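Colleague: Structure: coords-v5.csv, CSV, C-alpha atoms and all ligand atoms.
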```csv
chain,number,residue,atom,x,y,z
A,5,MET,CA,12.6,15.8,-17.0
A,6,THR,CA,15.0,13.3,-15.5
A,7,GLU,CA,17.1,11.2,-17.8
A,8,GLY,CA,17.2,7.5,-17.1
A,9,VAL,CA,13.8,7.1,-15.5
A,10,HIS,CA,12.2,6.5,-18.8
A,11,THR,CA,13.4,3.0,-19.7
A,12,SER,CA,13.7,1.1,-16.5
A,13,PRO,CA,14.0,-2.5,-17.6
A,14,THR,CA,12.2,-3.9,-14.5
A,15,PHE,CA,8.6,-3.4,-15.8
A,16,THR,CA,7.0,-6.4,-17.5
A,17,PRO,CA,5.0,-5.2,-20.6
A,18,ARG,CA,1.3,-5.0,-19.7
A,19,VAL,CA,-1.6,-3.4,-21.5
A,20,PHE,CA,-4.3,-1.4,-19.8
A,21,SER,CA,-7.2,0.5,-21.3
A,22,GLY,CA,-10.6,1.8,-20.1
A,23,ILE,CA,-13.9,2.8,-21.6
A,24,GLN,CA,-16.7,4.8,-19.9
A,25,PRO,CA,-20.0,2.9,-19.5
A,26,THR,CA,-22.1,5.8,-20.7
A,27,GLY,CA,-24.2,4.0,-23.4
A,28,ASN,CA,-24.4,4.1,-27.2
A,29,LEU,CA,-21.4,2.0,-28.1
A,30,HIS,CA,-20.7,2.9,-31.7
A,31,LEU,CA,-18.6,2.0,-34.7
A,32,GLY,CA,-15.9,4.5,-33.6
A,33,ASN,CA,-15.6,2.7,-30.2
A,34,TYR,CA,-15.5,-0.7,-32.0
A,35,LEU,CA,-12.8,0.2,-34.6
A,36,GLY,CA,-10.8,2.6,-32.5
A,37,ALA,CA,-10.9,0.6,-29.3
A,38,LEU,CA,-12.7,-2.8,-28.9
A,39,LYS,CA,-11.5,-4.4,-32.2
A,40,ARG,CA,-7.9,-3.3,-31.6
A,41,PHE,CA,-8.0,-4.6,-28.0
A,42,ALA,CA,-9.3,-8.0,-29.3
A,43,ASP,CA,-6.7,-8.1,-32.0
A,44,SER,CA,-3.9,-7.3,-29.6
A,45,GLN,CA,-4.7,-10.3,-27.4
A,46,ASN,CA,-2.4,-12.2,-29.7
A,47,ASP,CA,0.6,-9.9,-28.9
A,48,GLY,CA,1.5,-12.0,-25.9
A,49,MET,CA,1.2,-9.3,-23.3
A,50,GLN,CA,-1.0,-9.5,-20.2
A,51,SER,CA,-4.0,-7.3,-20.9
A,52,ILE,CA,-6.5,-5.6,-18.6
A,53,TYR,CA,-9.6,-3.8,-19.7
A,54,CYS,CA,-11.8,-1.7,-17.4
A,55,MET,CA,-15.3,-0.3,-17.6
A,56,VAL,CA,-14.6,2.9,-15.8
A,57,ASP,CA,-17.8,3.5,-13.9
A,58,LEU,CA,-16.1,6.0,-11.5
A,59,HIS,CA,-15.1,8.1,-14.4
A,60,ALA,CA,-18.7,8.0,-15.8
A,61,ILE,CA,-20.2,9.7,-12.7
A,62,THR,CA,-18.0,12.8,-13.2
A,63,THR,CA,-21.2,13.8,-15.1
A,64,TRP,CA,-24.6,12.9,-13.9
A,65,GLN,CA,-25.7,9.3,-14.6
A,66,ASP,CA,-29.0,7.8,-13.7
A,67,PRO,CA,-28.2,4.7,-11.5
A,68,ALA,CA,-30.3,2.2,-13.5
A,69,ASP,CA,-28.9,3.5,-16.8
A,70,LEU,CA,-25.3,3.2,-15.4
A,71,ARG,CA,-25.9,-0.4,-14.3
A,72,HIS,CA,-27.3,-1.2,-17.7
A,73,ALA,CA,-24.5,0.6,-19.6
A,74,THR,CA,-21.8,-1.2,-17.5
A,75,ARG,CA,-23.2,-4.6,-18.3
A,76,GLU,CA,-23.8,-3.7,-22.0
A,77,LEU,CA,-20.2,-2.5,-22.3
A,78,CYS,CA,-19.0,-5.7,-20.9
A,79,ALA,CA,-21.2,-7.6,-23.4
A,80,GLY,CA,-19.7,-5.3,-26.2
A,81,PHE,CA,-16.2,-6.3,-25.1
A,82,ILE,CA,-17.0,-10.0,-25.2
A,83,ALA,CA,-19.0,-9.8,-28.4
A,84,SER,CA,-16.0,-8.0,-30.1
A,85,GLY,CA,-13.8,-10.9,-29.3
A,86,LEU,CA,-12.3,-10.1,-25.9
A,87,ASP,CA,-11.9,-13.4,-24.1
A,88,PRO,CA,-12.3,-13.3,-20.4
A,89,GLU,CA,-9.9,-16.3,-20.1
A,90,ARG,CA,-7.1,-14.3,-21.8
A,91,SER,CA,-7.8,-10.7,-20.8
A,92,ILE,CA,-8.9,-9.3,-17.4
A,93,LEU,CA,-12.3,-7.6,-17.8
A,94,PHE,CA,-13.8,-5.7,-14.8
A,95,ASN,CA,-15.6,-2.6,-13.7
A,96,GLN,CA,-13.5,0.0,-11.9
A,97,SER,CA,-15.6,0.5,-8.7
A,98,GLN,CA,-15.0,-3.2,-7.8
A,99,VAL,CA,-11.3,-2.5,-7.3
A,100,PRO,CA,-11.0,0.2,-4.6
A,101,GLU,CA,-7.3,0.7,-5.3
A,102,HIS,CA,-8.2,2.9,-8.3
A,103,ALA,CA,-9.8,5.5,-6.1
A,104,GLN,CA,-7.2,5.2,-3.3
A,105,LEU,CA,-4.3,5.7,-5.7
A,106,ALA,CA,-6.2,8.6,-7.4
A,107,TRP,CA,-6.2,10.4,-4.1
A,108,VAL,CA,-2.4,10.1,-3.8
A,109,PHE,CA,-2.1,11.4,-7.4
A,110,ASN,CA,-4.5,14.3,-6.6
A,111,CYS,CA,-1.7,15.3,-4.3
A,112,VAL,CA,1.0,14.8,-6.9
A,113,ALA,CA,-0.6,16.5,-9.9
A,114,ARG,CA,-0.5,20.3,-10.0
A,115,MET,CA,-3.5,22.6,-10.6
A,116,GLY,CA,-1.7,24.1,-13.6
A,117,TRP,CA,-1.4,20.7,-15.3
A,118,MET,CA,-5.1,20.0,-14.9
A,119,GLN,CA,-6.1,23.4,-16.1
A,120,ARG,CA,-4.4,22.7,-19.4
A,121,MET,CA,-6.5,19.6,-20.2
A,122,THR,CA,-8.4,20.3,-23.4
A,123,GLN,CA,-11.0,17.6,-22.7
A,124,PHE,CA,-12.0,19.4,-19.4
A,125,LYS,CA,-12.2,22.7,-21.2
A,126,ASP,CA,-14.4,21.2,-24.0
A,127,LYS,CA,-16.7,19.4,-21.5
A,128,ALA,CA,-17.0,22.2,-19.1
A,129,GLY,CA,-17.3,24.9,-21.7
A,130,LYS,CA,-18.4,28.2,-20.1
A,131,ASN,CA,-19.7,26.3,-17.2
A,132,THR,CA,-16.4,25.8,-15.3
A,133,GLN,CA,-17.9,26.9,-11.9
A,134,ASN,CA,-20.7,24.4,-12.1
A,135,VAL,CA,-19.2,21.2,-13.2
A,136,SER,CA,-18.2,18.5,-10.7
A,137,LEU,CA,-14.8,18.6,-9.0
A,138,GLY,CA,-14.5,15.0,-10.2
A,139,LEU,CA,-14.6,16.2,-13.8
A,140,PHE,CA,-11.6,18.4,-13.1
A,141,GLY,CA,-9.7,15.6,-11.3
A,142,TYR,CA,-10.6,13.0,-13.9
A,143,PRO,CA,-7.1,12.6,-15.4
A,144,ALA,CA,-5.6,11.8,-12.0
A,145,LEU,CA,-8.0,8.9,-11.7
A,146,MET,CA,-7.1,7.8,-15.2
A,147,ALA,CA,-3.4,7.9,-14.2
A,148,ALA,CA,-4.3,5.8,-11.2
A,149,ASP,CA,-6.1,3.2,-13.4
A,150,ILE,CA,-3.0,2.8,-15.5
A,151,LEU,CA,-0.3,3.0,-12.8
A,152,ALA,CA,-2.1,0.7,-10.3
A,153,TYR,CA,-1.1,-2.1,-12.7
A,154,HIS,CA,2.3,-0.7,-13.7
A,155,ALA,CA,0.8,-0.8,-17.2
A,156,THR,CA,3.4,0.0,-19.9
A,157,HIS,CA,1.2,0.2,-22.9
A,158,VAL,CA,-2.2,2.0,-23.2
A,159,PRO,CA,-4.1,1.7,-26.5
A,160,VAL,CA,-6.5,4.7,-26.9
A,161,GLY,CA,-7.9,7.0,-29.5
A,162,GLU,CA,-6.2,10.3,-30.5
A,163,ASP,CA,-8.4,12.2,-28.0
A,164,GLN,CA,-6.7,10.6,-25.0
A,165,LYS,CA,-3.1,11.6,-25.8
A,166,GLN,CA,-3.0,14.5,-23.5
A,167,HIS,CA,-4.3,12.5,-20.6
A,168,LEU,CA,-1.5,10.0,-21.2
A,169,GLU,CA,1.1,12.7,-21.2
A,170,LEU,CA,-0.3,13.8,-17.8
A,171,THR,CA,0.0,10.2,-16.6
A,172,ARG,CA,3.7,10.2,-17.5
A,173,ASP,CA,4.2,13.6,-15.7
A,174,ILE,CA,2.5,12.2,-12.6
A,175,ALA,CA,4.7,9.0,-12.6
A,176,ILE,CA,7.9,11.1,-13.2
A,177,LYS,CA,7.0,13.6,-10.4
A,178,PHE,CA,6.1,10.8,-8.0
A,179,ASN,CA,9.4,8.9,-8.7
A,180,ASN,CA,11.4,12.2,-8.3
A,181,ASP,CA,9.7,13.4,-5.2
A,182,TYR,CA,10.2,10.1,-3.4
A,183,GLY,CA,13.5,9.2,-5.0
A,184,VAL,CA,12.2,5.9,-6.4
A,185,GLU,CA,11.8,4.3,-9.8
A,186,PHE,CA,8.5,2.8,-8.8
A,187,PHE,CA,6.0,3.8,-11.5
A,188,PRO,CA,6.7,3.1,-15.2
A,189,ILE,CA,6.6,5.8,-17.8
A,190,THR,CA,3.7,4.6,-19.9
A,191,GLU,CA,3.6,4.5,-23.7
A,192,PRO,CA,0.5,5.6,-25.5
A,193,VAL,CA,-0.5,3.2,-28.4
A,194,ILE,CA,-2.3,5.3,-31.0
A,195,GLU,CA,-2.3,3.4,-34.3
A,196,GLY,CA,-4.4,2.0,-37.1
A,197,VAL,CA,-6.5,3.6,-39.8
A,198,ALA,CA,-9.4,4.0,-37.4
A,199,THR,CA,-8.1,6.1,-34.5
A,200,ARG,CA,-10.6,8.7,-35.6
A,201,VAL,CA,-13.8,7.4,-37.2
A,202,MET,CA,-15.8,10.5,-38.4
A,203,SER,CA,-19.5,11.2,-38.2
A,204,LEU,CA,-21.6,9.9,-41.2
A,205,ARG,CA,-23.3,13.3,-41.4
A,206,ASP,CA,-20.2,15.5,-41.2
A,207,GLY,CA,-16.7,14.4,-42.2
A,208,ALA,CA,-15.1,17.1,-40.0
A,209,LYS,CA,-16.7,15.8,-36.7
A,210,LYS,CA,-15.8,12.7,-34.8
A,211,MET,CA,-18.4,9.9,-34.6
A,212,SER,CA,-19.6,10.3,-31.1
A,213,LYS,CA,-22.2,9.0,-28.6
A,214,SER,CA,-23.2,12.5,-27.8
A,215,ASP,CA,-24.1,13.6,-31.3
A,216,PRO,CA,-27.9,14.4,-31.2
A,217,SER,CA,-28.4,12.8,-34.7
A,218,ASP,CA,-28.6,9.0,-34.5
A,219,MET,CA,-27.9,8.9,-38.3
A,220,SER,CA,-24.4,10.2,-37.6
A,221,ARG,CA,-23.2,7.0,-36.1
A,222,ILE,CA,-23.7,3.2,-36.4
A,223,ASN,CA,-24.5,1.8,-32.9
A,224,LEU,CA,-23.3,-1.7,-32.0
A,225,THR,CA,-26.9,-2.4,-31.1
A,226,ASP,CA,-28.3,-1.4,-34.6
A,227,ASP,CA,-29.9,-4.2,-36.7
A,228,ALA,CA,-28.8,-5.0,-40.3
A,229,ASP,CA,-31.5,-2.8,-41.9
A,230,THR,CA,-30.6,0.2,-39.8
A,231,ILE,CA,-26.8,-0.3,-40.5
A,232,ALA,CA,-27.5,-0.5,-44.3
A,233,LYS,CA,-29.8,2.5,-44.2
A,234,LYS,CA,-27.3,4.7,-42.3
A,235,ILE,CA,-24.6,3.9,-44.8
A,236,ARG,CA,-26.8,4.5,-47.8
A,237,LYS,CA,-27.7,7.9,-46.4
A,238,ALA,CA,-24.2,8.8,-45.3
A,239,LYS,CA,-23.1,12.2,-46.6
A,240,THR,CA,-20.7,12.0,-49.6
A,241,ASP,CA,-19.7,14.1,-52.6
A,242,PRO,CA,-20.8,13.6,-56.2
A,243,GLU,CA,-17.3,12.4,-57.5
A,244,PRO,CA,-16.4,8.8,-58.0
A,245,LEU,CA,-13.7,7.2,-55.8
A,246,PRO,CA,-10.2,8.3,-56.9
A,247,ASP,CA,-7.5,6.0,-58.1
A,248,SER,CA,-5.1,6.8,-55.2
A,249,VAL,CA,-5.4,7.7,-51.5
A,250,GLU,CA,-4.0,11.2,-52.2
A,251,GLY,CA,-7.2,11.8,-54.2
A,252,LEU,CA,-9.1,11.6,-50.9
A,253,GLU,CA,-7.2,14.4,-49.2
A,254,ASP,CA,-9.8,17.1,-49.5
A,255,ARG,CA,-12.8,14.7,-49.4
A,256,PRO,CA,-13.3,14.0,-45.7
A,257,GLU,CA,-16.6,12.1,-46.1
A,258,ALA,CA,-15.2,9.9,-48.9
A,259,ARG,CA,-12.0,9.3,-46.9
A,260,ASN,CA,-14.0,8.3,-43.8
A,261,LEU,CA,-16.0,5.7,-45.7
A,262,VAL,CA,-12.8,4.2,-47.3
A,263,ASN,CA,-11.1,4.1,-43.8
A,264,ILE,CA,-14.1,2.4,-42.3
A,265,TYR,CA,-14.1,-0.1,-45.1
A,266,ALA,CA,-10.4,-0.8,-44.7
A,267,ALA,CA,-10.6,-1.2,-40.9
A,268,LEU,CA,-13.6,-3.5,-41.1
A,269,ALA,CA,-11.9,-5.6,-43.8
A,270,ASP,CA,-8.5,-5.7,-41.9
A,271,SER,CA,-7.1,-4.1,-45.0
A,272,THR,CA,-5.6,-0.7,-45.9
A,273,PRO,CA,-7.0,2.4,-47.5
A,274,GLU,CA,-4.6,1.8,-50.4
A,275,ALA,CA,-5.9,-1.7,-51.0
A,276,VAL,CA,-9.6,-0.5,-50.8
A,277,ILE,CA,-8.9,2.2,-53.4
A,278,ALA,CA,-7.1,-0.3,-55.6
A,279,ASP,CA,-10.2,-2.5,-55.6
A,280,HIS,CA,-12.8,0.3,-55.9
A,281,ALA,CA,-11.2,3.1,-57.9
A,282,GLY,CA,-13.6,4.9,-60.2
A,283,GLN,CA,-16.7,3.5,-58.5
A,284,GLN,CA,-19.7,5.8,-57.8
A,285,PHE,CA,-21.0,5.9,-54.2
A,286,GLY,CA,-24.1,4.2,-55.5
A,287,THR,CA,-21.9,1.1,-56.0
A,288,PHE,CA,-19.4,1.5,-53.2
A,289,LYS,CA,-22.0,2.2,-50.4
A,290,PRO,CA,-23.8,-1.1,-50.9
A,291,SER,CA,-20.5,-3.0,-50.7
A,292,LEU,CA,-19.6,-1.1,-47.5
A,293,ALA,CA,-23.1,-1.8,-46.1
A,294,ASP,CA,-22.7,-5.6,-46.8
A,295,LEU,CA,-19.3,-5.6,-45.2
A,296,ALA,CA,-20.5,-3.6,-42.2
A,297,VAL,CA,-23.5,-5.9,-41.7
A,298,ALA,CA,-21.4,-9.0,-42.1
A,299,LYS,CA,-19.0,-7.8,-39.4
A,300,LEU,CA,-21.3,-6.0,-37.0
A,301,ALA,CA,-24.5,-8.1,-37.1
A,302,PRO,CA,-22.9,-11.1,-35.2
A,303,ILE,CA,-21.6,-8.6,-32.6
A,304,SER,CA,-25.0,-7.1,-32.1
A,305,ALA,CA,-26.6,-10.5,-31.9
A,306,GLU,CA,-24.1,-11.8,-29.3
A,307,MET,CA,-24.5,-8.6,-27.3
A,308,SER,CA,-28.3,-9.1,-27.0
A,309,ARG,CA,-27.8,-12.8,-26.2
A,310,LEU,CA,-25.4,-11.9,-23.4
A,311,MET,CA,-27.7,-9.2,-22.1
A,312,GLN,CA,-30.6,-11.7,-21.7
A,313,ASP,CA,-28.9,-13.2,-18.6
A,314,THR,CA,-26.8,-10.6,-16.9
A,315,SER,CA,-25.7,-13.0,-14.2
A,316,GLU,CA,-23.1,-14.4,-16.6
A,317,ILE,CA,-21.7,-10.9,-17.2
A,318,ASP,CA,-21.8,-10.0,-13.5
A,319,ALA,CA,-19.8,-13.2,-12.8
A,320,ILE,CA,-17.2,-12.3,-15.4
A,321,LEU,CA,-16.8,-8.8,-13.9
A,322,ARG,CA,-16.5,-10.2,-10.4
A,323,ARG,CA,-13.8,-12.7,-11.4
A,324,GLY,CA,-12.0,-10.0,-13.4
A,325,ALA,CA,-12.1,-7.7,-10.4
A,326,GLU,CA,-10.5,-10.3,-8.2
A,327,GLN,CA,-7.7,-10.9,-10.7
A,328,ALA,CA,-7.2,-7.2,-11.2
A,329,ARG,CA,-7.1,-6.6,-7.4
A,330,ALA,CA,-4.5,-9.3,-7.0
A,331,ILE,CA,-2.2,-7.0,-9.1
A,332,ALA,CA,-3.3,-3.6,-7.9
A,333,ALA,CA,-3.4,-4.3,-4.1
A,334,PRO,CA,0.3,-4.9,-3.6
A,335,ILE,CA,1.2,-1.9,-5.8
A,336,LEU,CA,-1.0,0.3,-3.6
A,337,VAL,CA,0.5,-1.1,-0.4
A,338,ARG,CA,4.0,-0.4,-1.7
A,339,THR,CA,2.9,3.1,-2.7
A,340,TYR,CA,1.5,3.8,0.8
A,341,GLU,CA,4.8,2.5,2.3
A,342,ILE,CA,6.8,4.8,0.0
A,343,ILE,CA,4.8,7.9,1.0
A,344,GLY,CA,4.9,7.1,4.8
A,345,MET,CA,1.5,5.7,5.6
A,346,VAL,CA,1.5,3.6,8.8
A,347,GLY,CA,-0.1,0.1,8.5
A,348,ALA,CA,0.0,0.1,4.8
A,349,GLY,CA,-0.1,-3.7,4.5
A,350,HIS,CA,-3.3,-4.1,6.5
A,351,ASN,CA,-5.4,-2.3,4.1
A,352,HIS,CA,-8.0,-5.0,3.5
A,353,ALA,CA,-11.8,-4.5,3.4
A,354,PRO,CA,-13.8,-6.8,5.6
A,355,GLU,CA,-16.2,-9.2,3.9
A,356,VAL,CA,-19.6,-7.4,3.6
A,357,SER,CA,-22.1,-9.7,5.2
A,358,ASP,CA,-25.8,-9.0,5.4
A,359,GLU,CA,-25.3,-7.9,9.0
A,360,TYR,CA,-23.6,-4.8,7.7
A,361,ARG,CA,-26.8,-3.7,6.0
A,362,PHE,CA,-28.1,-2.1,9.1
A,363,TRP,CA,-29.8,0.5,7.1
A,364,GLU,CA,-32.3,-1.8,5.4
B,1,LIG,P1,-15.5,7.2,-25.4
B,1,LIG,O1,-16.7,6.6,-26.0
B,1,LIG,O2,-15.3,8.6,-25.8
B,1,LIG,O3,-15.5,7.0,-23.9
B,1,LIG,O4,-14.3,6.4,-25.9
B,1,LIG,C1,-14.0,5.1,-25.7
B,1,LIG,C2,-12.9,4.6,-26.6
B,1,LIG,O5,-13.3,4.7,-27.9
B,1,LIG,C3,-11.6,5.5,-26.4
B,1,LIG,O6,-10.5,4.6,-26.6
B,1,LIG,C4,-11.7,6.4,-27.6
B,1,LIG,O7,-10.5,7.0,-28.0
B,1,LIG,C5,-12.4,5.5,-28.7
B,1,LIG,N1,-13.2,6.3,-29.6
B,1,LIG,C6,-14.3,7.1,-29.3
B,1,LIG,N2,-14.8,7.7,-30.4
B,1,LIG,C7,-14.0,7.3,-31.4
B,1,LIG,C8,-14.0,7.6,-32.8
B,1,LIG,N3,-14.9,8.3,-33.4
B,1,LIG,N4,-13.0,7.0,-33.6
B,1,LIG,C9,-12.1,6.2,-33.0
B,1,LIG,N5,-12.0,5.9,-31.7
B,1,LIG,C10,-13.0,6.5,-30.9
B,2,LIG,N1,-10.6,8.7,-20.4
B,2,LIG,C1,-10.8,7.6,-21.3
B,2,LIG,C2,-11.9,8.0,-22.3
B,2,LIG,O1,-12.7,8.9,-22.1
B,2,LIG,C3,-11.3,6.4,-20.5
B,2,LIG,C4,-10.3,5.9,-19.5
B,2,LIG,C5,-10.3,6.0,-18.2
B,2,LIG,C6,-9.0,5.3,-19.9
B,2,LIG,N2,-9.2,5.4,-17.6
B,2,LIG,C7,-8.4,5.0,-18.6
B,2,LIG,C8,-8.4,5.0,-21.1
B,2,LIG,C9,-7.1,4.4,-18.6
B,2,LIG,C10,-7.1,4.3,-21.0
B,2,LIG,C11,-6.5,4.1,-19.8
B,2,LIG,O2,-12.0,7.4,-23.3
```
Just give me the structure as structure tokens.
Ligand code: AMP
Ligand code: TRP
Modeller:
Amino acid sequence: MTEGVHTSPTFTPRVFSGIQPTGNLHLGNYLGALKRFADSQNDGMQSIYCMVDLHAITTWQDPADLRHATRELCAGFIASGLDPERSILFNQSQVPEHAQLAWVFNCVARMGWMQRMTQFKDKAGKNTQNVSLGLFGYPALMAADILAYHATHVPVGEDQKQHLELTRDIAIKFNNDYGVEFFPITEPVIEGVATRVMSLRDGAKKMSKSDPSDMSRINLTDDADTIAKKIRKAKTDPEPLPDSVEGLEDRPEARNLVNIYAALADSTPEAVIADHAGQQFGTFKPSLADLAVAKLAPISAEMSRLMQDTSEIDAILRRGAEQARAIAAPILVRTYEIIGMVGAGHNHAPEVSDEYRFWE
């Protein structure tokens, strides 16, 4: 890898992250992503958050479900404290530069790099011949999402680390191939006690929207009774809480509940243990349930309020897309110039008036 490319001083710090609108937003998404995004609005960096609908269709999505999930995800962002006046919120397909830059990166990334991606291997399983080509190329689109904004910081969960390394490789190869220092070498931001919230039924598995058991996760749309019930029934062991975090080492379920408590309370596992050492789960679980309901019920209520009139959400996404495009469009034009495309600066879509709808 080339020395010197890594720390070009010309890039203004900018945060970008994305979440797929595929439904079932859960506590892991909230603590690992949404809450951290909202908290980092105070860090003074420009921040851009994207509902990545083009990524979602790498596996089959029912169109009506996709529309609903995109709006609900936007509601989840806002209800978690993301302020559309301070952060740019939009859905990916409204900014065509993502797909355009992804094509360029498809021609930069190498087959061998893609074949190493563990998420592809996990998702495709034995079925590699029958999954979509888009699922294989997914990380090039993700690199385009990030680099279309010259984003320098990308907050994600642990599971996305390899994709961010690939994003760096694409930026480095592009810069080398064309003899420029055009794309920044992005830093992953993977921090906090909740980068991996585990299933409530199995402390060795990540809390996930695809787990068949609804009892394994707390959904952001769950009501107070459901939240309390799921915590009461969460798998634990018969021991009381230890008096130090080291005592949690071989107790994944207990550790998970302590971590969730700490993340919800903006505290640390050490402080939670200091307050609850020696407690039985019969005592600790109700405190955790009260805390979870206090923090999550207002989010769930605000999400359903926002979902009652989706025109407000659509307007936020529209305006966010315009702001996003104002950043991404010139970066794509410059990319096209660098690689030798004629007419790069005239790459604007005509307004789509009703006359274009000749098929209706
Ligand atoms: P996904 O739902 O897998 O598309 O993930 C959306 C975001 O939530 C990404 O930033 C993930 O890293 C994060 N995330 C998903 N599941 C968890 C989990 N169990 N714990 C922490 N973060 C998670
Ligand atoms: N691949 C990410 C996930 O599954 C979602 C994503 C798409 C993303 N584009 C991104 C995350 C850009 C960060 C930056 O969670």
Colleague: At a cut-off of 8 Å around ligand LIG 2 (chain B), and using all atoms listed in the file, what residues come up? Please write them as a ChimeraX atom specification.
Modeller: /A:20-24,54,56,59,142-143,145-147,149-150,158-161,163-164,167-168
Colleague: One decimal, in Å: what's the spacing between CA of Phe109 in chain A and CA of Ala348 in chain A?
Modeller: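 According to the coordinates, CA of Phe109 in chain A and CA of Ala348 in chain A are separated by 16.8 Å.
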Colleague: Taking all atoms listed in the file and a cut-off of 8 Å, can you tell me which residues surround ligand LIG 1 (chain B), written as an MDAnalysis selection string?
Modeller: chainID A and resid 21:26 29:38 159:164 198:203 210:213
Colleague: Within 12 Å of (-10.0, -5.1, -47.9), only C-alpha atoms: residues as a list of chain:residue names?
Modeller: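 Checked against the point, the hits come out as A:Val262, A:Asn263, A:Ile264, A:Tyr265, A:Ala266, A:Ala267, A:Leu268, A:Ala269, A:Asp270, A:Ser271, A:Thr272, A:Pro273, A:Glu274, A:Ala275, A:Val276, A:Ile277, A:Ala278, A:Asp279, A:His280, A:Ser291, A:Leu292, A:Leu295.
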Colleague: Distance CA of Glu101 in chain A-CA of Arg329 in chain A, one decimal place?
Modeller: 7.6 Å
Colleague: Can you measure CA of Ile303 in chain A to CA of Gly80 in chain A for me? One decimal in Å is fine.
Modeller: 7.4 Å
Colleague: Can you work out which one of A:Val19, A:Ala325, A:Leu139, A:Ala305 has the shortest atom-to-atom distance to Ala42 in chain A, counting all atoms listed in the file?
Modeller: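 Looking only at the distances to Ala42 in chain A, the closest residue turns out to be A:Val19.
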Colleague: Could you pull the residues within 8 Å of Asp241 in chain A, counting all atoms listed in the file, minus those fewer than 2 positions along the same chain, as a PyMOL selection string?
Modeller: chain A and resi 239+243+255+257-258
Colleague: Taking only C-alpha atoms into account, which of A:Arg338, A:Ala79, A:Gln133, A:Ala281 comes nearest Leu252 in chain A?
Modeller: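 Closest to Leu252 in chain A, using only C-alpha atoms: A:Ala281.
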Colleague: Just checking: using only C-alpha atoms, which residue out of A:Ile235, A:Ile335, A:Ile82, A:Ile52 ends up closest to Phe94 in chain A?
Modeller: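 Closest residue, counting only C-alpha atoms: A:Ile52.
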